[in-house]
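**Student:** Data: query.pdb, PDB, C-alpha atoms and all ligand atoms.
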```pdb
ATOM      1  CA  MET A 882     119.041 134.994  72.622  1.00  0.00           C
ATOM      2  CA  LYS A 883     118.653 132.116  75.057  1.00  0.00           C
ATOM      3  CA  LEU A 884     115.612 130.362  76.434  1.00  0.00           C
ATOM      4  CA  LYS A 885     116.243 130.023  80.155  1.00  0.00           C
ATOM      5  CA  GLN A 886     112.965 128.598  81.399  1.00  0.00           C
ATOM      6  CA  LEU A 887     109.837 127.028  79.893  1.00  0.00           C
ATOM      7  CA  THR A 888     106.523 126.527  81.702  1.00  0.00           C
ATOM      8  CA  LEU A 889     103.617 124.586  80.195  1.00  0.00           C
ATOM      9  CA  LYS A 890     100.031 124.380  81.407  1.00  0.00           C
ATOM     10  CA  ASN A 891      97.645 121.952  79.728  1.00  0.00           C
ATOM     11  CA  PHE A 892      99.845 121.949  76.634  1.00  0.00           C
ATOM     12  CA  ARG A 893      99.277 118.610  74.833  1.00  0.00           C
ATOM     13  CA  ASN A 894     100.222 115.858  77.352  1.00  0.00           C
ATOM     14  CA  TYR A 895     101.764 118.291  79.889  1.00  0.00           C
ATOM     15  CA  GLU A 896      99.355 119.435  82.605  1.00  0.00           C
ATOM     16  CA  GLU A 897     101.968 121.380  84.512  1.00  0.00           C
ATOM     17  CA  LEU A 898     105.677 121.511  83.727  1.00  0.00           C
ATOM     18  CA  THR A 899     108.546 123.891  84.392  1.00  0.00           C
ATOM     19  CA  LEU A 900     111.957 123.306  82.860  1.00  0.00           C
ATOM     20  CA  ASP A 901     115.094 125.293  83.619  1.00  0.00           C
ATOM     21  CA  PHE A 902     117.573 125.013  80.781  1.00  0.00           C
ATOM     22  CA  ASP A 903     121.304 124.772  81.000  1.00  0.00           C
ATOM     23  CA  SER A 904     123.114 127.554  79.180  1.00  0.00           C
ATOM     24  CA  SER A 905     124.949 125.120  76.911  1.00  0.00           C
ATOM     25  CA  ILE A 906     123.484 121.768  75.837  1.00  0.00           C
ATOM     26  CA  ASN A 907     120.102 120.306  76.841  1.00  0.00           C
ATOM     27  CA  VAL A 908     118.999 116.764  76.009  1.00  0.00           C
ATOM     28  CA  PHE A 909     115.424 115.425  76.014  1.00  0.00           C
ATOM     29  CA  LEU A 910     115.512 111.692  76.561  1.00  0.00           C
ATOM     30  CA  GLY A 911     112.401 109.538  76.728  1.00  0.00           C
ATOM     31  CA  GLU A 912     110.406 106.610  75.368  1.00  0.00           C
ATOM     32  CA  ASN A 913     108.281 106.959  72.272  1.00  0.00           C
ATOM     33  CA  ALA A 914     105.171 109.157  72.762  1.00  0.00           C
ATOM     34  CA  GLN A 915     106.377 110.625  76.065  1.00  0.00           C
ATOM     35  CA  GLY A 916     106.330 114.207  74.814  1.00  0.00           C
ATOM     36  CA  LYS A 917     109.814 115.066  73.493  1.00  0.00           C
ATOM     37  CA  THR A 918     108.506 116.532  70.243  1.00  0.00           C
ATOM     38  CA  ASN A 919     105.753 118.312  72.190  1.00  0.00           C
ATOM     39  CA  LEU A 920     108.468 120.214  74.077  1.00  0.00           C
ATOM     40  CA  LEU A 921     110.139 121.290  70.834  1.00  0.00           C
ATOM     41  CA  GLU A 922     106.738 122.250  69.452  1.00  0.00           C
ATOM     42  CA  ALA A 923     106.037 124.398  72.540  1.00  0.00           C
ATOM     43  CA  ILE A 924     109.347 126.226  72.035  1.00  0.00           C
ATOM     44  CA  LEU A 925     108.577 126.760  68.349  1.00  0.00           C
ATOM     45  CA  MET A 926     105.109 128.061  69.268  1.00  0.00           C
ATOM     46  CA  LEU A 927     106.585 130.525  71.738  1.00  0.00           C
ATOM     47  CA  SER A 928     109.073 131.715  69.085  1.00  0.00           C
ATOM     48  CA  LEU A 929     106.894 131.893  65.972  1.00  0.00           C
ATOM     49  CA  ALA A 930     103.330 131.260  67.199  1.00  0.00           C
ATOM     50  CA  LYS A 931     103.110 128.391  64.745  1.00  0.00           C
ATOM     51  CA  SER A 932     103.713 124.669  64.747  1.00  0.00           C
ATOM     52  CA  HIS A 933     105.507 122.282  62.403  1.00  0.00           C
ATOM     53  CA  ARG A 934     102.713 119.729  62.982  1.00  0.00           C
ATOM     54  CA  THR A 935      99.351 121.437  62.934  1.00  0.00           C
ATOM     55  CA  THR A 936      97.538 124.590  61.901  1.00  0.00           C
ATOM     56  CA  ASN A 937      94.653 123.888  64.284  1.00  0.00           C
ATOM     57  CA  ASP A 938      95.247 125.685  67.596  1.00  0.00           C
ATOM     58  CA  LYS A 939      92.931 123.310  69.450  1.00  0.00           C
ATOM     59  CA  ASP A 940      95.437 120.466  68.895  1.00  0.00           C
ATOM     60  CA  PHE A 941      97.730 122.079  71.487  1.00  0.00           C
ATOM     61  CA  ILE A 942      95.182 122.052  74.293  1.00  0.00           C
ATOM     62  CA  GLY A 943      95.137 118.999  76.566  1.00  0.00           C
ATOM     63  CA  TRP A 944      92.263 116.795  75.444  1.00  0.00           C
ATOM     64  CA  ASP A 945      90.012 117.385  78.461  1.00  0.00           C
ATOM     65  CA  LYS A 946      91.121 120.996  79.063  1.00  0.00           C
ATOM     66  CA  GLN A 947      89.801 124.438  78.083  1.00  0.00           C
ATOM     67  CA  GLU A 948      93.010 126.357  77.455  1.00  0.00           C
ATOM     68  CA  ALA A 949      96.745 125.891  77.237  1.00  0.00           C
ATOM     69  CA  LYS A 950      99.516 128.222  78.256  1.00  0.00           C
ATOM     70  CA  ILE A 951     103.182 128.373  77.274  1.00  0.00           C
ATOM     71  CA  GLU A 952     105.423 130.686  79.257  1.00  0.00           C
ATOM     72  CA  GLY A 953     109.101 131.290  78.733  1.00  0.00           C
ATOM     73  CA  ARG A 954     111.882 133.409  80.092  1.00  0.00           C
ATOM     74  CA  ILE A 955     114.410 134.468  77.507  1.00  0.00           C
ATOM     75  CA  GLU A 956     117.663 136.317  77.904  1.00  0.00           C
ATOM     76  CA  LYS A 957     118.406 138.887  75.239  1.00  0.00           C
ATOM     77  CA  HIS A 958     121.275 141.397  75.308  1.00  0.00           C
ATOM     78  CA  GLY A 959     121.805 140.636  78.993  1.00  0.00           C
ATOM     79  CA  GLN A 960     118.146 141.321  79.835  1.00  0.00           C
ATOM     80  CA  GLU A 961     115.546 138.799  80.955  1.00  0.00           C
ATOM     81  CA  LEU A 962     112.215 138.921  79.209  1.00  0.00           C
ATOM     82  CA  PRO A 963     109.111 136.914  80.083  1.00  0.00           C
ATOM     83  CA  LEU A 964     106.954 135.639  77.214  1.00  0.00           C
ATOM     84  CA  GLU A 965     103.493 134.187  77.390  1.00  0.00           C
ATOM     85  CA  LEU A 966     101.252 132.498  74.830  1.00  0.00           C
ATOM     86  CA  THR A 967      97.712 131.467  75.722  1.00  0.00           C
ATOM     87  CA  ILE A 968      95.769 129.133  73.450  1.00  0.00           C
ATOM     88  CA  THR A 969      92.015 128.991  73.945  1.00  0.00           C
ATOM     89  CA  GLN A 970      89.219 127.291  72.029  1.00  0.00           C
ATOM     90  CA  GLN A 971      88.838 130.632  70.206  1.00  0.00           C
ATOM     91  CA  GLY A 972      92.492 131.069  69.210  1.00  0.00           C
ATOM     92  CA  LYS A 973      95.776 132.299  70.625  1.00  0.00           C
ATOM     93  CA  LYS A 974      97.115 135.485  72.143  1.00  0.00           C
ATOM     94  CA  SER A 975     100.667 136.352  73.055  1.00  0.00           C
ATOM     95  CA  LYS A 976     102.095 138.702  75.610  1.00  0.00           C
ATOM     96  CA  SER A 977     105.568 139.935  76.358  1.00  0.00           C
ATOM     97  CA  LYS A 978     105.755 141.559  79.757  1.00  0.00           C
ATOM     98  CA  SER A 979     108.751 143.684  80.650  1.00  0.00           C
ATOM     99  CA  SER A 980     110.227 142.634  83.968  1.00  0.00           C
TER     100      SER A 980
HETATM  101  N1  LIG B   1      96.163 117.682  72.716  1.00  0.00           N
HETATM  102  C1  LIG B   1      96.731 116.667  73.392  1.00  0.00           C
HETATM  103  N2  LIG B   1      96.322 116.405  74.669  1.00  0.00           N
HETATM  104  C2  LIG B   1      96.881 115.403  75.380  1.00  0.00           C
HETATM  105  N3  LIG B   1      97.857 114.590  74.924  1.00  0.00           N
HETATM  106  C3  LIG B   1      98.301 114.800  73.660  1.00  0.00           C
HETATM  107  C4  LIG B   1      97.763 115.854  72.843  1.00  0.00           C
HETATM  108  N4  LIG B   1      98.399 115.824  71.639  1.00  0.00           N
HETATM  109  C5  LIG B   1      99.284 114.814  71.728  1.00  0.00           C
HETATM  110  N5  LIG B   1      99.228 114.187  72.925  1.00  0.00           N
HETATM  111  C6  LIG B   1     100.042 113.051  73.407  1.00  0.00           C
HETATM  112  O1  LIG B   1     101.415 113.407  73.276  1.00  0.00           O
HETATM  113  C7  LIG B   1     102.159 112.222  73.093  1.00  0.00           C
HETATM  114  C8  LIG B   1     103.089 112.341  71.914  1.00  0.00           C
HETATM  115  O2  LIG B   1     104.075 113.242  72.244  1.00  0.00           O
HETATM  116  P1  LIG B   1     105.359 113.433  71.317  1.00  0.00           P
HETATM  117  O3  LIG B   1     105.992 114.697  71.789  1.00  0.00           O
HETATM  118  O4  LIG B   1     105.008 113.342  69.873  1.00  0.00           O
HETATM  119  O5  LIG B   1     106.227 112.170  71.756  1.00  0.00           O
HETATM  120  P2  LIG B   1     107.746 111.830  71.451  1.00  0.00           P
HETATM  121  O6  LIG B   1     108.425 111.770  72.783  1.00  0.00           O
HETATM  122  O7  LIG B   1     107.683 110.483  70.790  1.00  0.00           O
HETATM  123  O8  LIG B   1     108.307 112.899  70.554  1.00  0.00           O
HETATM  124  C9  LIG B   1     101.188 111.081  72.853  1.00  0.00           C
HETATM  125  O9  LIG B   1     101.143 110.307  74.044  1.00  0.00           O
HETATM  126  C10 LIG B   1      99.882 111.792  72.576  1.00  0.00           C
HETATM  127  O10 LIG B   1      98.812 111.024  73.005  1.00  0.00           O
HETATM  128 MG    MG B   2     108.963 112.783  68.596  1.00  0.00          MG
END
```
Rewrite the structure from the file as structure tokens, please.
**Tutor:**
Amino acid sequence: MKLKQLTLKNFRNYEELTLDFDSSINVFLGENAQGKTNLLEAILMLSLAKSHRTTNDKDFIGWDKQEAKIEGRIEKHGQELPLELTITQQGKKSKSKSS
């Protein structure tokens, strides 16, 4: 299974971000506190709906925002599958739409 694309909305310090991944190696390069670990955390959240850093869902939402969204497109057995995880002040809900 491969993650092809990641989209973040109001997730931690990312207001709006879309990343298209290379099919082999991807490198996140940045200064301290720029959001490299936040990207890995978003991918972990999309995979397992849990974080290595916090058990409080509100920590994921941008400080002045109401809800966060993580969307991904994965490729599995030659098929593309969109995934979506929404985190609100009340909790999180995930969705996997068939394309
Ligand atoms: N809920 C949040 N809303 C907005 N910014 C956040 C939130 N949680 C963390 N941050 C910001 O994310 C940054 C840290 O990102 P991190 O991924 O740990 O950086 P690094 O690139 O060092 O791994 C800090 O600037 C911190 O202020
Ligand atoms: Mg880090």
**Student:** Do you know which residues are at most 12 Å from A:Leu962 counting only C-alpha atoms, after dropping those on the same chain fewer than 6 positions away, and could you put them as a PDB file with C-alpha atoms, in the frame of the given file?
**Tutor:**
```
ATOM      1  CA  MET A 882     119.041 134.994  72.622  1.00  0.00           C
ATOM      2  CA  LYS A 883     118.653 132.116  75.057  1.00  0.00           C
ATOM      3  CA  LEU A 884     115.612 130.362  76.434  1.00  0.00           C
ATOM      4  CA  LYS A 885     116.243 130.023  80.155  1.00  0.00           C
ATOM      5  CA  GLN A 886     112.965 128.598  81.399  1.00  0.00           C
ATOM      6  CA  GLU A 952     105.423 130.686  79.257  1.00  0.00           C
ATOM      7  CA  GLY A 953     109.101 131.290  78.733  1.00  0.00           C
ATOM      8  CA  ARG A 954     111.882 133.409  80.092  1.00  0.00           C
ATOM      9  CA  ILE A 955     114.410 134.468  77.507  1.00  0.00           C
ATOM     10  CA  GLU A 956     117.663 136.317  77.904  1.00  0.00           C
ATOM     11  CA  LYS A 976     102.095 138.702  75.610  1.00  0.00           C
ATOM     12  CA  SER A 977     105.568 139.935  76.358  1.00  0.00           C
ATOM     13  CA  LYS A 978     105.755 141.559  79.757  1.00  0.00           C
ATOM     14  CA  SER A 979     108.751 143.684  80.650  1.00  0.00           C
ATOM     15  CA  SER A 980     110.227 142.634  83.968  1.00  0.00           C
TER      16      SER A 980
END
```
**Student:** Given only C-alpha atoms as the basis, pick out the residue of A:Ala949, A:Leu966, A:His933, A:His958 nearest to A:Lys890.
**Tutor:**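 The shortest atom-to-atom distance to A:Lys890 comes from A:Ala949.
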**Student:** Name the closest residue to ligand MG 2 (chain B) among the candidates A:Leu910, A:Leu900, A:Ile942, A:Leu964; distances are taken between atoms, counting all atoms listed in the file.
**Tutor:** A:Leu910
**Student:** Let me make sure I understand: among A:Trp944, A:Phe909, A:Phe902, A:Tyr895, which one has the smallest atom-to-atom distance to ligand LIG 1 (chain B) if we use only C-alpha atoms and all ligand atoms?
**Tutor:**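 Of all the options, A:Trp944 lies closest to ligand LIG 1 (chain B).
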**Student:** List all protein, DNA and RNA residues that have an atom no more than 8 Å from any atom of ligand MG 2 (chain B), counting only C-alpha atoms and all ligand atoms, and report them as a PyMOL selection string.
**Tutor:** chain A and resi 913-914+916-919
